Amino acid sequence: MRLTILGGGGFRVPLVYRALLDDPGRAVSEVVLHDTDPRRVAVIAEVLARLAQGHPAPVPVRVADGLDDALEGAGFVFSAIRVGGTAGRIRDERIPLSEGVLGQETVGAGGVLYGLRTIPVALHIAERAAALAPEAWVINFTNPAGMVTEAMSQVLGDRVIGICDSPVGLVRRAARAAGADPAALADPDRTGYDYVGLNHLGWLRSLTLDGTELLPGLLADDAALGSFEEGRLFGGDWLRTLGALPNEYLHYYYFRRETLDSVRDTRETRGEFLDQQQGGFFERAAAAGGPDAVYALWERTRLEREETYMAHSREVSGGWQRDSHDLEGGGYDRVALALMHAILGNSGTRLILNVRNGTTVPQLAPDAIVETVCEVGAHGARPLPCAPLREDQLGLMLQVKAVERATVEAALFKDRGAALRALALHPLVDSPAVAARILERAAKEA
């Protein structure tokens with residue numbers, strides 16, 4: 001089976017390929033890379049060649065000659081594009097910050113700006129995939145994952161599924177902090193969890209092992225909460241008040257003033273850091289002198305990237321270092337492979353995914369994309385019923401979903417009114433006048 005990776009020059013593509021090489025149930029016979037930047041994809045192909053060295057059965061890799069060549073004949077398509085590159089991300093961050101509101105890749109005004117730029121390209125990909133590979137499953141990594149998946153689903157229906165590694169990371173860390181045997185996490189007969197929300201906006205509300213609920217004990221134990229990222233990020237008092245473990249990105253909402261203060265006058269945004277770091281990597285890699293040197297450079301750069309993830313939010317909550325478990329770099333790759341195997345094997349595996357709501361959250365439209373626990377088989381991903389949402393959870397979900405759907409509408413129909421509505425209604429944008437200025441400046445600098 002052919003696996004196509006769109007955004008094949010992306011920095012994290014080697015993580016996917018490494019997981020494929022280590023996969024005992026290998027189903028992929030060829031990896032096809034497509035990217036709009038030939039230099040980047042050539043460097044990443046060299047990293048993959050180094051990973052394949054000495055492997056008894058390496059997966060062949062080919063760089064496609066255009067999008068249609070990449071899509072034709074694909075069984076699975078991993079879409080991990082960055083429209084506008086890191087330069088676009090810098091604008092998404094700096095323009096809102098200049099107006100005194102948060103600038104971030106997927107959250108707030110920055111997320112809306114990124115969505116407006118990305119959705120038209122994602123829709124074109126969806127249309128070409130539907131025409132050239134109608135039986136393929138499209139797995140969307142592209143941020144903002146919720147709204148991009150929602151736009152693509154208008155063409156592909158349930159054959160597009162969005163993934164994110166934040167929820168599975170939260171479950172894994174919480175279970176480890178609660179003392180659960182790591183082997184038990186892989187056994188669906190022993191473990192259960194209730195997670196629901198939108199992409200980068202969700203809550204782990206239940207975690208069970210052998211029928212015993214672990215979450216209340218974990219929330220009551222400050223030492224255990226202090227042993228993992230979300231516990232340190234939000235603090236025991238607030239987590240006990242919530243009665244749930246939030247996705248790490250909810251820190252931008254719950255601690256908006258503190259986070260904004262930490263980034264407002266920053267010398268270097270996350271986008272600027274990645275622009276320099278990854279730009280430097282690709283420049284040095286081109287002259288590194290062989291796959292071994294390129295791979296070593298990539299591994300050093302990857303570790304630095306993981307160590308600095310969400311640094312501003314960690315600074316607000318005490319300035320702690322990330323755990324070694326979370327520096328391994330595995331996340332998206334493991335979720336994507338588990339999803340692929342569950343579809344091919346019709347296994348009924350439970351995964352947290354971005355899918356159409358159906359009746360999971362009755363207050364949302366059936367076609368709205370939510371992030372929740374799904375059962376995955378040959379039919380794709382089916383969201384499982386969940387307990388009712390609390391009013392505060394539901395209220396935030398409804399408001400941010402309105403923002404996402406307005407962003408999709410604005411991108412589809414070039415509707416300035418919808419774009420203004422998306423920006424002005426976001427909980428992290430405090431004035432329609434600010435929203436209008438952000439929109440005007442973004443249009444000028446595009």
# chains A, B, ... in the order shown; residues from 1 in each chain; ligands from 1
$ residues_around --residues "stretch 134-136 of chain A" --least-positions-apart "2" --cutoff "7 Å" --atoms "only C-alpha atoms" --output "ChimeraX atom specification"
/A:74-77,129-132,138
$ residues_around --residues "stretch 144-151 of chain A" --least-positions-apart "6" --cutoff "6 Å" --atoms "only C-alpha atoms" --output "PyMOL selection string"
chain A and resi 106+119+162+199+369+404
$ residues_around --residues "stretch 213-230 of chain A" --least-positions-apart "4" --cutoff "7 Å" --atoms "only C-alpha atoms" --output "PyMOL selection string"
chain A and resi 173+177-178+206-209+234+236+239-240+248
$ write_last_selection --atoms "C-alpha atoms" --output "PDB file, in the first residue's frame"
ATOM      1  CA  ARG A 173       1.007  11.253  31.324  1.00  0.00           C
ATOM      2  CA  ALA A 177       1.165   9.912  37.316  1.00  0.00           C
ATOM      3  CA  ALA A 178      -1.749   7.929  38.757  1.00  0.00           C
ATOM      4  CA  SER A 206     -12.499  10.226  33.373  1.00  0.00           C
ATOM      5  CA  LEU A 207      -9.649   7.718  33.500  1.00  0.00           C
ATOM      6  CA  THR A 208     -10.323   4.162  34.641  1.00  0.00           C
ATOM      7  CA  LEU A 209      -8.213   1.063  35.199  1.00  0.00           C
ATOM      8  CA  PHE A 234      -2.401  24.445  35.583  1.00  0.00           C
ATOM      9  CA  GLY A 236      -3.559  21.577  41.709  1.00  0.00           C
ATOM     10  CA  LEU A 239      -7.450  21.418  38.401  1.00  0.00           C
ATOM     11  CA  ARG A 240      -9.451  20.418  41.478  1.00  0.00           C
ATOM     12  CA  GLU A 248      -2.375  21.964  27.550  1.00  0.00           C
TER      13      GLU A 248
END
$ residues_around --residues "A:Arg18" --least-positions-apart "3" --cutoff "9 Å" --atoms "only C-alpha atoms" --output "PyMOL selection string"
chain A and resi 13-15+21-23+48+51-52+333
$ write_last_selection --atoms "N, CA, C and O atoms" --output "short mmCIF file (atom, residue, chain, number, x, y, z; two decimals), in the first residue's frame"
data_model
loop_
_atom_site.label_atom_id
_atom_site.label_comp_id
_atom_site.auth_asym_id
_atom_site.auth_seq_id
_atom_site.Cartn_x
_atom_site.Cartn_y
_atom_site.Cartn_z
N VAL A 13 8.69 14.78 9.42
CA VAL A 13 8.44 13.61 8.58
C VAL A 13 9.31 12.41 8.96
O VAL A 13 8.84 11.27 8.95
N PRO A 14 10.59 12.61 9.34
CA PRO A 14 11.39 11.44 9.74
C PRO A 14 10.81 10.66 10.91
O PRO A 14 11.04 9.45 11.03
N LEU A 15 10.05 11.32 11.78
CA LEU A 15 9.42 10.59 12.88
C LEU A 15 8.42 9.57 12.34
O LEU A 15 8.32 8.44 12.85
N LEU A 21 9.40 2.08 9.92
CA LEU A 21 10.46 1.08 9.92
C LEU A 21 10.35 0.15 11.13
O LEU A 21 10.68 -1.03 11.05
N ASP A 22 9.91 0.71 12.26
CA ASP A 22 9.81 -0.07 13.49
C ASP A 22 8.48 -0.80 13.63
O ASP A 22 8.26 -1.52 14.61
N ASP A 23 7.60 -0.62 12.67
CA ASP A 23 6.24 -1.14 12.76
C ASP A 23 6.20 -2.64 12.45
O ASP A 23 6.44 -3.05 11.32
N LEU A 48 15.73 10.36 5.66
CA LEU A 48 15.05 9.07 5.57
C LEU A 48 16.00 7.99 5.05
O LEU A 48 15.95 6.84 5.50
N LEU A 51 18.00 6.81 7.91
CA LEU A 51 17.20 5.93 8.78
C LEU A 51 17.08 4.53 8.20
O LEU A 51 17.03 3.54 8.94
N ALA A 52 17.01 4.45 6.87
CA ALA A 52 16.83 3.15 6.22
C ALA A 52 18.11 2.34 6.15
O ALA A 52 18.06 1.12 5.94
N ASP A 333 3.11 10.51 14.93
CA ASP A 333 3.44 9.31 14.17
C ASP A 333 2.75 8.08 14.73
O ASP A 333 2.22 7.24 13.99
#
$ select_by_dssp --residues "stretch 194-272 of chain A" --states "alpha helix (DSSP H)" --output "ChimeraX atom specification"
/A:215-219,222-225,229-234,236-242,251-254,256-264,270-272
